[in-house]
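Visitor: File my_file33.json below, JSON, C-alpha atoms:
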[["chain", "number", "residue", "atom", "x", "y", "z"],
["A", 1, "LEU", "CA", 31.39, 208.36, 24.95],
["A", 2, "ASP", "CA", 31.89, 204.90, 26.49],
["A", 3, "PHE", "CA", 29.35, 205.06, 29.33],
["A", 4, "SER", "CA", 29.90, 202.68, 32.24],
["A", 5, "TRP", "CA", 27.81, 202.28, 35.39],
["A", 6, "GLN", "CA", 30.10, 203.38, 38.21],
["A", 7, "GLN", "CA", 27.98, 203.96, 41.33],
["A", 8, "THR", "CA", 24.80, 203.63, 43.33],
["A", 9, "MET", "CA", 24.42, 206.34, 45.97],
["A", 10, "LEU", "CA", 22.60, 205.90, 49.29],
["A", 11, "ARG", "CA", 22.40, 208.45, 52.09],
["A", 12, "ILE", "CA", 23.34, 206.99, 55.46],
["A", 13, "LYS", "CA", 22.59, 208.17, 58.96],
["A", 14, "ASP", "CA", 25.85, 207.18, 60.68],
["A", 15, "PRO", "CA", 29.09, 206.00, 59.05],
["A", 16, "ALA", "CA", 30.17, 204.51, 62.39],
["A", 17, "THR", "CA", 27.53, 201.80, 61.85],
["A", 18, "SER", "CA", 27.16, 201.71, 58.05],
["A", 19, "LEU", "CA", 30.85, 201.34, 57.20],
["A", 20, "PRO", "CA", 31.45, 198.31, 59.45],
["A", 21, "TYR", "CA", 28.24, 196.76, 58.09],
["A", 22, "TYR", "CA", 29.37, 196.97, 54.48],
["A", 23, "GLU", "CA", 33.09, 196.46, 55.03],
["A", 24, "GLU", "CA", 33.04, 193.74, 57.68],
["A", 25, "LYS", "CA", 29.70, 191.98, 57.18],
["A", 26, "MET", "CA", 29.36, 192.39, 53.41],
["A", 27, "GLY", "CA", 33.10, 192.21, 52.70],
["A", 28, "MET", "CA", 33.38, 195.39, 50.64],
["A", 29, "ARG", "CA", 36.59, 197.36, 50.31],
["A", 30, "ARG", "CA", 36.77, 201.13, 50.71],
["A", 31, "LEU", "CA", 38.25, 202.48, 47.49],
["A", 32, "HIS", "CA", 38.18, 206.18, 48.32],
["A", 33, "GLU", "CA", 36.55, 208.83, 50.50],
["A", 34, "TYR", "CA", 36.01, 212.58, 50.50],
["A", 35, "HIS", "CA", 35.38, 214.80, 53.51],
["A", 36, "PHE", "CA", 33.83, 218.20, 52.84],
["A", 37, "ASP", "CA", 32.56, 220.79, 55.33],
["A", 38, "ASP", "CA", 28.99, 219.51, 55.47],
["A", 39, "PHE", "CA", 29.15, 215.97, 54.13],
["A", 40, "SER", "CA", 31.41, 212.98, 53.50],
["A", 41, "LEU", "CA", 31.39, 210.40, 50.72],
["A", 42, "TYR", "CA", 32.61, 206.81, 50.97],
["A", 43, "PHE", "CA", 33.03, 204.60, 47.89],
["A", 44, "LEU", "CA", 33.01, 200.83, 48.45],
["A", 45, "ALA", "CA", 33.34, 197.90, 46.05],
["A", 46, "SER", "CA", 33.53, 194.13, 46.00],
["A", 47, "VAL", "CA", 37.18, 193.54, 45.07],
["A", 48, "ASN", "CA", 38.98, 190.28, 44.37],
["A", 49, "SER", "CA", 41.48, 189.25, 47.04],
["A", 50, "ASP", "CA", 44.37, 189.23, 44.53],
["A", 51, "VAL", "CA", 43.80, 192.89, 43.57],
["A", 52, "GLU", "CA", 45.69, 195.58, 45.49],
["A", 53, "THR", "CA", 44.17, 199.05, 45.87],
["A", 54, "PRO", "CA", 45.75, 202.29, 47.17],
["A", 55, "PRO", "CA", 44.87, 203.56, 50.67],
["A", 56, "SER", "CA", 41.54, 205.37, 50.75],
["A", 57, "GLY", "CA", 41.82, 209.15, 50.73],
["A", 58, "THR", "CA", 44.98, 209.35, 48.64],
["A", 59, "LYS", "CA", 45.44, 210.83, 45.17],
["A", 60, "GLU", "CA", 46.16, 207.33, 43.90],
["A", 61, "ALA", "CA", 42.85, 206.08, 45.32],
["A", 62, "GLU", "CA", 40.98, 208.95, 43.67],
["A", 63, "ALA", "CA", 42.64, 208.19, 40.34],
["A", 64, "LEU", "CA", 41.50, 204.56, 40.62],
["A", 65, "LEU", "CA", 37.96, 205.53, 41.62],
["A", 66, "TRP", "CA", 37.24, 207.70, 38.58],
["A", 67, "ARG", "CA", 38.57, 205.08, 36.18],
["A", 68, "TYR", "CA", 37.19, 202.09, 38.08],
["A", 69, "PRO", "CA", 35.94, 199.41, 35.66],
["A", 70, "GLY", "CA", 33.22, 198.15, 38.02],
["A", 71, "THR", "CA", 30.35, 199.53, 40.08],
["A", 72, "THR", "CA", 30.77, 201.06, 43.53],
["A", 73, "LEU", "CA", 28.40, 201.72, 46.41],
["A", 74, "GLU", "CA", 28.60, 205.41, 47.36],
["A", 75, "LEU", "CA", 27.53, 206.15, 50.94],
["A", 76, "THR", "CA", 26.75, 209.81, 51.61],
["A", 77, "HIS", "CA", 26.87, 211.10, 55.18],
["A", 78, "ASN", "CA", 25.39, 214.54, 55.80],
["A", 79, "HIS", "CA", 27.18, 215.62, 58.96],
["A", 80, "GLY", "CA", 25.00, 215.70, 62.05],
["A", 81, "THR", "CA", 22.43, 213.08, 61.02],
["A", 82, "GLU", "CA", 24.11, 210.59, 63.35],
["A", 83, "LYS", "CA", 22.96, 212.74, 66.29],
["A", 84, "GLU", "CA", 19.29, 212.77, 65.29],
["A", 85, "ALA", "CA", 16.82, 210.54, 67.08],
["A", 86, "GLY", "CA", 15.01, 207.87, 65.10],
["A", 87, "PRO", "CA", 15.11, 207.16, 61.36],
["A", 88, "VAL", "CA", 16.55, 209.92, 59.18],
["A", 89, "TYR", "CA", 16.09, 208.41, 55.71],
["A", 90, "ASP", "CA", 13.41, 206.39, 53.91],
["A", 91, "ASN", "CA", 14.30, 203.06, 52.32],
["A", 92, "GLY", "CA", 12.11, 203.57, 49.24],
["A", 93, "ASN", "CA", 9.62, 200.79, 49.96],
["A", 94, "ASN", "CA", 6.92, 202.67, 51.87],
["A", 95, "GLU", "CA", 3.69, 203.86, 50.27],
["A", 96, "PRO", "CA", 2.98, 206.37, 48.86],
["A", 97, "LYS", "CA", 6.65, 207.23, 48.22],
["A", 98, "ARG", "CA", 8.03, 204.02, 46.73],
["A", 99, "GLY", "CA", 10.78, 204.05, 44.11],
["A", 100, "PHE", "CA", 14.21, 202.60, 44.86],
["A", 101, "GLY", "CA", 13.78, 199.06, 46.14],
["A", 102, "HIS", "CA", 17.02, 197.49, 47.33],
["A", 103, "ILE", "CA", 20.61, 196.59, 46.68],
["A", 104, "ALA", "CA", 21.71, 192.95, 46.65],
["A", 105, "PHE", "CA", 24.72, 190.76, 47.34],
["A", 106, "SER", "CA", 25.31, 187.31, 45.93],
["A", 107, "VAL", "CA", 26.61, 184.82, 48.51],
["A", 108, "PRO", "CA", 27.81, 181.19, 48.38],
["A", 109, "ASP", "CA", 24.86, 179.86, 50.40],
["A", 110, "VAL", "CA", 21.90, 182.11, 51.24],
["A", 111, "TYR", "CA", 20.69, 179.95, 54.15],
["A", 112, "GLU", "CA", 24.09, 179.61, 55.78],
["A", 113, "GLU", "CA", 25.09, 183.25, 55.33],
["A", 114, "SER", "CA", 21.72, 184.48, 56.60],
["A", 115, "GLU", "CA", 22.22, 182.50, 59.79],
["A", 116, "LYS", "CA", 25.71, 183.93, 60.23],
["A", 117, "LEU", "CA", 24.56, 187.50, 59.67],
["A", 118, "GLU", "CA", 21.65, 187.15, 62.07],
["A", 119, "ALA", "CA", 23.98, 185.70, 64.69],
["A", 120, "ASN", "CA", 26.17, 188.78, 64.18],
["A", 121, "GLY", "CA", 23.32, 191.17, 64.88],
["A", 122, "VAL", "CA", 21.87, 191.82, 61.42],
["A", 123, "ASP", "CA", 18.08, 192.23, 61.34],
["A", 124, "PHE", "CA", 16.06, 190.53, 58.61],
["A", 125, "LYS", "CA", 12.89, 191.50, 56.80],
["A", 126, "LYS", "CA", 12.67, 188.05, 55.22],
["A", 127, "ARG", "CA", 14.67, 184.92, 55.96],
["A", 128, "PRO", "CA", 15.33, 182.48, 53.09],
["A", 129, "ASN", "CA", 12.84, 179.90, 54.36],
["A", 130, "GLU", "CA", 10.01, 182.43, 54.73],
["A", 131, "GLY", "CA", 7.37, 183.57, 52.26],
["A", 132, "ARG", "CA", 6.69, 182.29, 48.76],
["A", 133, "MET", "CA", 10.16, 183.06, 47.38],
["A", 134, "LYS", "CA", 12.28, 180.45, 49.11],
["A", 135, "GLY", "CA", 16.05, 180.66, 48.85],
["A", 136, "LEU", "CA", 16.45, 184.42, 48.93],
["A", 137, "ALA", "CA", 16.55, 186.76, 51.90],
["A", 138, "PHE", "CA", 16.22, 190.44, 52.70],
["A", 139, "ALA", "CA", 18.29, 191.96, 55.49],
["A", 140, "TYR", "CA", 18.23, 195.52, 56.79],
["A", 141, "ASP", "CA", 21.31, 197.71, 56.79],
["A", 142, "PRO", "CA", 21.84, 200.22, 59.67],
["A", 143, "THR", "CA", 19.86, 202.94, 57.82],
["A", 144, "ALA", "CA", 17.03, 200.39, 57.16],
["A", 145, "TYR", "CA", 17.68, 199.96, 53.43],
["A", 146, "TRP", "CA", 16.74, 196.52, 52.15],
["A", 147, "VAL", "CA", 19.72, 194.30, 51.27],
["A", 148, "GLU", "CA", 18.79, 191.22, 49.29],
["A", 149, "LEU", "CA", 20.90, 188.06, 49.54],
["A", 150, "ILE", "CA", 20.84, 185.88, 46.43],
["A", 151, "GLN", "CA", 22.52, 182.62, 45.54],
["A", 152, "GLY", "CA", 25.94, 183.19, 44.00],
["A", 153, "THR", "CA", 29.09, 181.24, 43.27],
["A", 154, "PRO", "CA", 29.66, 178.25, 45.61],
["A", 155, "LYS", "CA", 32.63, 178.52, 47.96],
["A", 156, "GLU", "CA", 34.65, 175.86, 46.16],
["A", 157, "GLU", "CA", 34.44, 177.84, 42.90],
["A", 158, "LEU", "CA", 35.13, 181.34, 44.26],
["A", 159, "GLY", "CA", 38.88, 181.54, 43.73],
["A", 160, "PRO", "CA", 39.97, 185.14, 44.44],
["A", 161, "ARG", "CA", 36.39, 186.46, 44.26],
["A", 162, "PRO", "CA", 34.97, 187.76, 47.53],
["A", 163, "PRO", "CA", 32.29, 185.52, 49.08],
["A", 164, "TYR", "CA", 29.88, 188.45, 49.13],
["A", 165, "THR", "CA", 29.60, 190.26, 45.78],
["A", 166, "PHE", "CA", 27.66, 193.49, 45.22],
["A", 167, "SER", "CA", 25.18, 192.21, 42.63],
["A", 168, "GLN", "CA", 22.10, 194.42, 42.13],
["A", 169, "THR", "CA", 20.47, 197.81, 42.43],
["A", 170, "MET", "CA", 16.70, 197.70, 42.01],
["A", 171, "LEU", "CA", 14.54, 200.59, 40.78],
["A", 172, "ARG", "CA", 10.80, 200.48, 40.13],
["A", 173, "VAL", "CA", 9.85, 201.85, 36.71],
["A", 174, "LYS", "CA", 6.57, 203.04, 35.26],
["A", 175, "ASP", "CA", 7.03, 202.03, 31.61],
["A", 176, "PRO", "CA", 9.73, 199.48, 30.76],
["A", 177, "GLU", "CA", 9.84, 200.49, 27.09],
["A", 178, "GLU", "CA", 10.77, 204.05, 28.01],
["A", 179, "SER", "CA", 13.27, 202.93, 30.67],
["A", 180, "LEU", "CA", 14.95, 200.38, 28.39],
["A", 181, "ARG", "CA", 15.24, 203.00, 25.67],
["A", 182, "PHE", "CA", 17.06, 205.30, 28.09],
["A", 183, "TYR", "CA", 19.37, 202.79, 29.75],
["A", 184, "CYS", "CA", 20.07, 200.57, 26.72],
["A", 185, "ASP", "CA", 19.75, 202.78, 23.63],
["A", 186, "VAL", "CA", 21.10, 205.97, 25.22],
["A", 187, "LEU", "CA", 23.48, 204.83, 27.97],
["A", 188, "GLY", "CA", 24.61, 201.65, 26.25],
["A", 189, "MET", "CA", 23.55, 199.01, 28.75],
["A", 190, "LYS", "CA", 22.53, 195.55, 27.60],
["A", 191, "LEU", "CA", 19.37, 193.66, 28.59],
["A", 192, "LEU", "CA", 20.78, 190.41, 29.99],
["A", 193, "CYS", "CA", 17.54, 188.83, 31.07],
["A", 194, "ARG", "CA", 13.80, 189.46, 31.47],
["A", 195, "LYS", "CA", 11.66, 187.55, 33.95],
["A", 196, "ASP", "CA", 7.87, 187.82, 33.84],
["A", 197, "PHE", "CA", 5.73, 186.91, 36.82],
["A", 198, "ASP", "CA", 2.29, 187.34, 35.28],
["A", 199, "ASP", "CA", 0.41, 185.72, 38.16],
["A", 200, "ALA", "CA", 1.95, 188.22, 40.57],
["A", 201, "GLY", "CA", 1.62, 191.14, 38.14],
["A", 202, "PHE", "CA", 5.23, 192.22, 37.68],
["A", 203, "SER", "CA", 8.27, 191.80, 35.44],
["A", 204, "LEU", "CA", 12.01, 192.19, 36.08],
["A", 205, "PHE", "CA", 14.62, 193.45, 33.63],
["A", 206, "PHE", "CA", 18.32, 192.96, 34.37],
["A", 207, "LEU", "CA", 20.80, 195.28, 32.67],
["A", 208, "GLN", "CA", 24.58, 195.55, 32.59],
["A", 209, "HIS", "CA", 27.35, 197.05, 30.48],
["A", 210, "GLY", "CA", 29.18, 194.46, 28.41],
["A", 211, "GLY", "CA", 27.57, 191.40, 29.94],
["A", 212, "ALA", "CA", 26.47, 188.35, 27.97],
["A", 213, "ALA", "CA", 22.78, 187.55, 27.69],
["A", 214, "VAL", "CA", 21.46, 185.11, 30.27],
["A", 215, "ALA", "CA", 19.20, 182.36, 28.95],
["A", 216, "ASP", "CA", 15.60, 182.45, 30.09],
["A", 217, "GLY", "CA", 14.44, 179.65, 32.31],
["A", 218, "ALA", "CA", 14.42, 178.47, 35.88],
["A", 219, "GLY", "CA", 18.18, 178.94, 36.29],
["A", 220, "ALA", "CA", 18.38, 182.49, 34.95],
["A", 221, "LEU", "CA", 18.37, 184.22, 38.33],
["A", 222, "GLY", "CA", 21.04, 181.83, 39.57],
["A", 223, "GLU", "CA", 23.20, 182.71, 36.58],
["A", 224, "LEU", "CA", 22.82, 186.40, 37.38],
["A", 225, "GLY", "CA", 24.05, 185.71, 40.91],
["A", 226, "ARG", "CA", 27.34, 184.38, 39.54],
["A", 227, "LEU", "CA", 28.19, 187.55, 37.62],
["A", 228, "PRO", "CA", 31.27, 189.39, 38.92],
["A", 229, "GLN", "CA", 29.66, 192.85, 38.61],
["A", 230, "PRO", "CA", 26.21, 194.19, 39.58],
["A", 231, "VAL", "CA", 23.16, 194.37, 37.37],
["A", 232, "LEU", "CA", 20.63, 197.18, 37.31],
["A", 233, "GLU", "CA", 17.28, 195.55, 38.06],
["A", 234, "LEU", "CA", 14.26, 197.42, 36.73],
["A", 235, "THR", "CA", 10.97, 196.29, 38.29],
["A", 236, "TRP", "CA", 7.77, 196.92, 36.34],
["A", 237, "ASN", "CA", 4.49, 196.49, 38.20],
["A", 238, "HIS", "CA", 2.05, 195.78, 35.39],
["A", 239, "GLY", "CA", -0.39, 198.59, 34.70],
["A", 240, "THR", "CA", 1.70, 201.48, 35.99],
["A", 241, "GLU", "CA", 2.41, 202.51, 32.38],
["A", 242, "LYS", "CA", -1.28, 203.46, 32.09],
["A", 243, "GLU", "CA", -1.31, 205.70, 35.16],
["A", 244, "ALA", "CA", -1.28, 209.47, 34.84],
["A", 245, "GLY", "CA", 1.75, 211.23, 36.29],
["A", 246, "PRO", "CA", 4.85, 209.73, 37.91],
["A", 247, "PRO", "CA", 4.02, 206.77, 40.20],
["A", 248, "TYR", "CA", 7.43, 206.61, 41.87],
["A", 249, "HIS", "CA", 9.55, 208.79, 44.15],
["A", 250, "ASP", "CA", 13.13, 209.70, 43.20],
["A", 251, "GLY", "CA", 14.47, 209.75, 46.77],
["A", 252, "ASN", "CA", 15.76, 213.33, 46.60],
["A", 253, "SER", "CA", 12.79, 215.18, 48.06],
["A", 254, "ASP", "CA", 11.04, 214.43, 51.33],
["A", 255, "PRO", "CA", 11.39, 211.63, 52.30],
["A", 256, "ARG", "CA", 15.00, 211.34, 51.12],
["A", 257, "GLY", "CA", 17.13, 208.19, 51.01],
["A", 258, "PHE", "CA", 18.36, 206.78, 47.72],
["A", 259, "GLY", "CA", 20.17, 209.48, 45.78],
["A", 260, "HIS", "CA", 21.18, 208.40, 42.28],
["A", 261, "ILE", "CA", 23.04, 206.04, 40.06],
["A", 262, "GLY", "CA", 26.13, 207.35, 38.27],
["A", 263, "PHE", "CA", 27.92, 206.71, 34.98],
["A", 264, "LEU", "CA", 31.44, 207.47, 33.87],
["A", 265, "CYS", "CA", 31.96, 208.91, 30.39],
["A", 266, "ASN", "CA", 34.89, 210.09, 28.31],
["A", 267, "ASP", "CA", 33.46, 213.53, 27.44],
["A", 268, "LEU", "CA", 31.01, 215.20, 29.82],
["A", 269, "GLN", "CA", 29.73, 217.91, 27.50],
["A", 270, "GLY", "CA", 29.58, 215.44, 24.64],
["A", 271, "ALA", "CA", 27.50, 213.10, 26.84],
["A", 272, "VAL", "CA", 25.09, 215.91, 27.72],
["A", 273, "ASP", "CA", 24.71, 216.91, 24.08],
["A", 274, "TYR", "CA", 24.17, 213.28, 23.08],
["A", 275, "ILE", "CA", 21.46, 212.72, 25.70],
["A", 276, "ASP", "CA", 19.75, 215.94, 24.60],
["A", 277, "ALA", "CA", 19.77, 214.69, 21.01],
["A", 278, "CYS", "CA", 18.27, 211.33, 22.07],
["A", 279, "GLY", "CA", 15.08, 212.68, 23.61],
["A", 280, "SER", "CA", 13.36, 215.13, 25.93],
["A", 281, "TYR", "CA", 15.08, 214.03, 29.13],
["A", 282, "GLY", "CA", 15.11, 216.40, 32.07],
["A", 283, "TRP", "CA", 18.17, 217.77, 33.85],
["A", 284, "VAL", "CA", 18.80, 218.42, 37.51],
["A", 285, "LYS", "CA", 22.16, 219.99, 36.72],
["A", 286, "ARG", "CA", 24.06, 220.64, 33.53],
["A", 287, "PRO", "CA", 27.86, 221.00, 33.67],
["A", 288, "GLU", "CA", 27.70, 224.81, 33.66],
["A", 289, "ASP", "CA", 25.24, 224.96, 36.58],
["A", 290, "GLY", "CA", 26.42, 225.52, 40.15],
["A", 291, "SER", "CA", 29.96, 225.39, 41.46],
["A", 292, "MET", "CA", 30.73, 221.77, 40.43],
["A", 293, "ARG", "CA", 31.38, 222.27, 36.71],
["A", 294, "ASN", "CA", 32.72, 218.77, 36.13],
["A", 295, "LEU", "CA", 29.48, 216.91, 36.95],
["A", 296, "ALA", "CA", 26.00, 216.68, 35.47],
["A", 297, "PHE", "CA", 22.74, 215.09, 36.63],
["A", 298, "ALA", "CA", 20.16, 213.93, 34.11],
["A", 299, "LYS", "CA", 16.72, 212.52, 34.89],
["A", 300, "ASP", "CA", 15.67, 209.12, 33.60],
["A", 301, "PRO", "CA", 12.07, 208.58, 32.39],
["A", 302, "ASP", "CA", 10.90, 208.02, 35.99],
["A", 303, "GLY", "CA", 12.70, 211.08, 37.33],
["A", 304, "TYR", "CA", 15.52, 209.16, 39.03],
["A", 305, "TRP", "CA", 18.75, 211.17, 39.09],
["A", 306, "VAL", "CA", 21.53, 209.87, 36.84],
["A", 307, "GLU", "CA", 24.93, 211.40, 37.51],
["A", 308, "LEU", "CA", 27.46, 211.80, 34.71],
["A", 309, "ILE", "CA", 31.15, 211.98, 35.67],
["A", 310, "PRO", "CA", 34.09, 212.36, 33.29],
["A", 311, "ARG", "CA", 36.80, 209.72, 33.64],
["A", 312, "GLY", "CA", 39.89, 210.94, 35.42],
["A", 313, "VAL", "CA", 38.14, 213.82, 37.21],
["A", 314, "SER", "CA", 39.66, 215.09, 40.48],
["A", 315, "PHE", "CA", 38.06, 216.80, 43.47],
["A", 316, "MET", "CA", 41.20, 216.89, 45.61]]
Show the structure stored in the file as structure tokens.
Guide:
Amino acid sequence: LDFSWQQTMLRIKDPATSLPYYEEKMGMRRLHEYHFDDFSLYFLASVNSDVETPPSGTKEAEALLWRYPGTTLELTHNHGTEKEAGPVYDNGNNEPKRGFGHIAFSVPDVYEESEKLEANGVDFKKRPNEGRMKGLAFAYDPTAYWVELIQGTPKEELGPRPPYTFSQTMLRVKDPEESLRFYCDVLGMKLLCRKDFDDAGFSLFFLQHGGAAVADGAGALGELGRLPQPVLELTWNHGTEKEAGPPYHDGNSDPRGFGHIGFLCNDLQGAVDYIDACGSYGWVKRPEDGSMRNLAFAKDPDGYWVELIPRGVSFM
């Protein structure tokens, strides 16, 4: 089935502000876009400078997107939200509806890049010299999602790599054993690194397809920042596994914001059958449901939506 993590989807209020933020400030490249009657989709990625990509919106761009070997950021614009007053979406970090936490970019120097971004009008939740966790920062994007900045590859070692590299998507999970079983045993991801912060009462699990394990120790997080593709960061707040019912919000009911993560596969129906055989996982949509027959949405153990897309699909 050859699963590969292909996207993280966030709903945005206004593409006129979100696209320049991610393309100009975070250095992402627009791989492809779709414009439907009621909504538009924009797919962005951190692409090496020596890699050419077709113009967004073309058949060639779509063909690249649905065979893309890396992970994209999918921005979903529901038409008309840009005209609404005030915040439209929730960033996933507000009680009692927490769930999705943040995305992250690795940068050559967190302190220097934070200063540059702030000088260019980016608001910060946490600067790198603030709080207990020195050396990392959290900015806000135009829809108020948290964007973490972590230490990545130094400038002199970048080569064709972009200075800013899409590096993480963080989801809070109730029971790490159940989540690891789903993402590793079922979807084929690999646990690269686990970091336990017992004094603070939480643990972090970093997953990726095909990556090499990262040695535990003080430098582990720095090693993760040098990876060329993002990791899925699962955050376990100790004790949630003992709570009754789901402790986290999937982002697809009020208040909405984060939408899903998505995986490419070689055989959509085969993937659905395989996931069914692996356990009692819920479904938002099977391939035969609705008008979009070439997509499916499973639910992970915490109820987050997981899209399944067959490689080479076309919507044009």
Visitor: What are the closest atom pairs, with distances in Å to one decimal, for all residues of stretch 159-180 of chain A lying within 9 Å of stretch 135-154 of chain A? Consider all atoms listed in the file, order rows by chain and residue number, and present the result as CSV.
Guide:
residue,atom,partner,partner_atom,distance
A:Pro163,CA,A:Thr153,CA,7.9
A:Tyr164,CA,A:Gly152,CA,8.3
A:Thr165,CA,A:Gly152,CA,8.2
A:Ser167,CA,A:Ile150,CA,8.6
A:Gln168,CA,A:Glu148,CA,8.5
Visitor: Set the distance at 10 Å and use all atoms listed in the file: which residues neighbour A:Tyr183 once local chain neighbours fewer than 6 positions away are removed? I'd like the list as an mmCIF file with C-alpha atoms, keeping the file's coordinate frame.
Guide:
data_model
loop_
_atom_site.group_PDB
_atom_site.id
_atom_site.type_symbol
_atom_site.label_atom_id
_atom_site.label_comp_id
_atom_site.auth_asym_id
_atom_site.auth_seq_id
_atom_site.Cartn_x
_atom_site.Cartn_y
_atom_site.Cartn_z
ATOM 1 C CA MET A 189 23.550 199.010 28.750
ATOM 2 C CA LYS A 190 22.530 195.550 27.600
ATOM 3 C CA LEU A 191 19.370 193.660 28.590
ATOM 4 C CA LEU A 207 20.800 195.280 32.670
ATOM 5 C CA GLN A 208 24.580 195.550 32.590
ATOM 6 C CA HIS A 209 27.350 197.050 30.480
ATOM 7 C CA LEU A 232 20.630 197.180 37.310
ATOM 8 C CA ASP A 300 15.670 209.120 33.600
ATOM 9 C CA PRO A 301 12.070 208.580 32.390
#
Visitor: Separation of atom CA of A:Glu84 and atom CA of A:Lys13, in Å?
Guide: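 These atoms are spaced 8.5 Å apart.
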Visitor: How many Å lie between atom CA of A:Glu112 and atom CA of A:Ser203, rounded to one decimal?
Guide: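 Pair atom CA of A:Glu112 / atom CA of A:Ser203 returns 28.5 Å.
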Visitor: Between atom CA of A:Glu95 and atom CA of A:Gly121, measure the distance and give it in Å to one decimal.
Guide: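 Those two atoms sit 27.6 Å apart.
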Visitor: Calculated over all atoms listed in the file, which of the candidates A:Ile103, A:Ser46, A:Gly303, A:His35 has the smallest distance to A:Ser253?
Guide: A:Gly303
Visitor: Of the residues A:Phe100, A:Phe182, A:Phe39, A:Trp305, which is the one nearest to A:Thr235, using only C-alpha atoms?
Guide: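 Residue with the minimum atom-to-atom distance to A:Thr235: A:Phe100.
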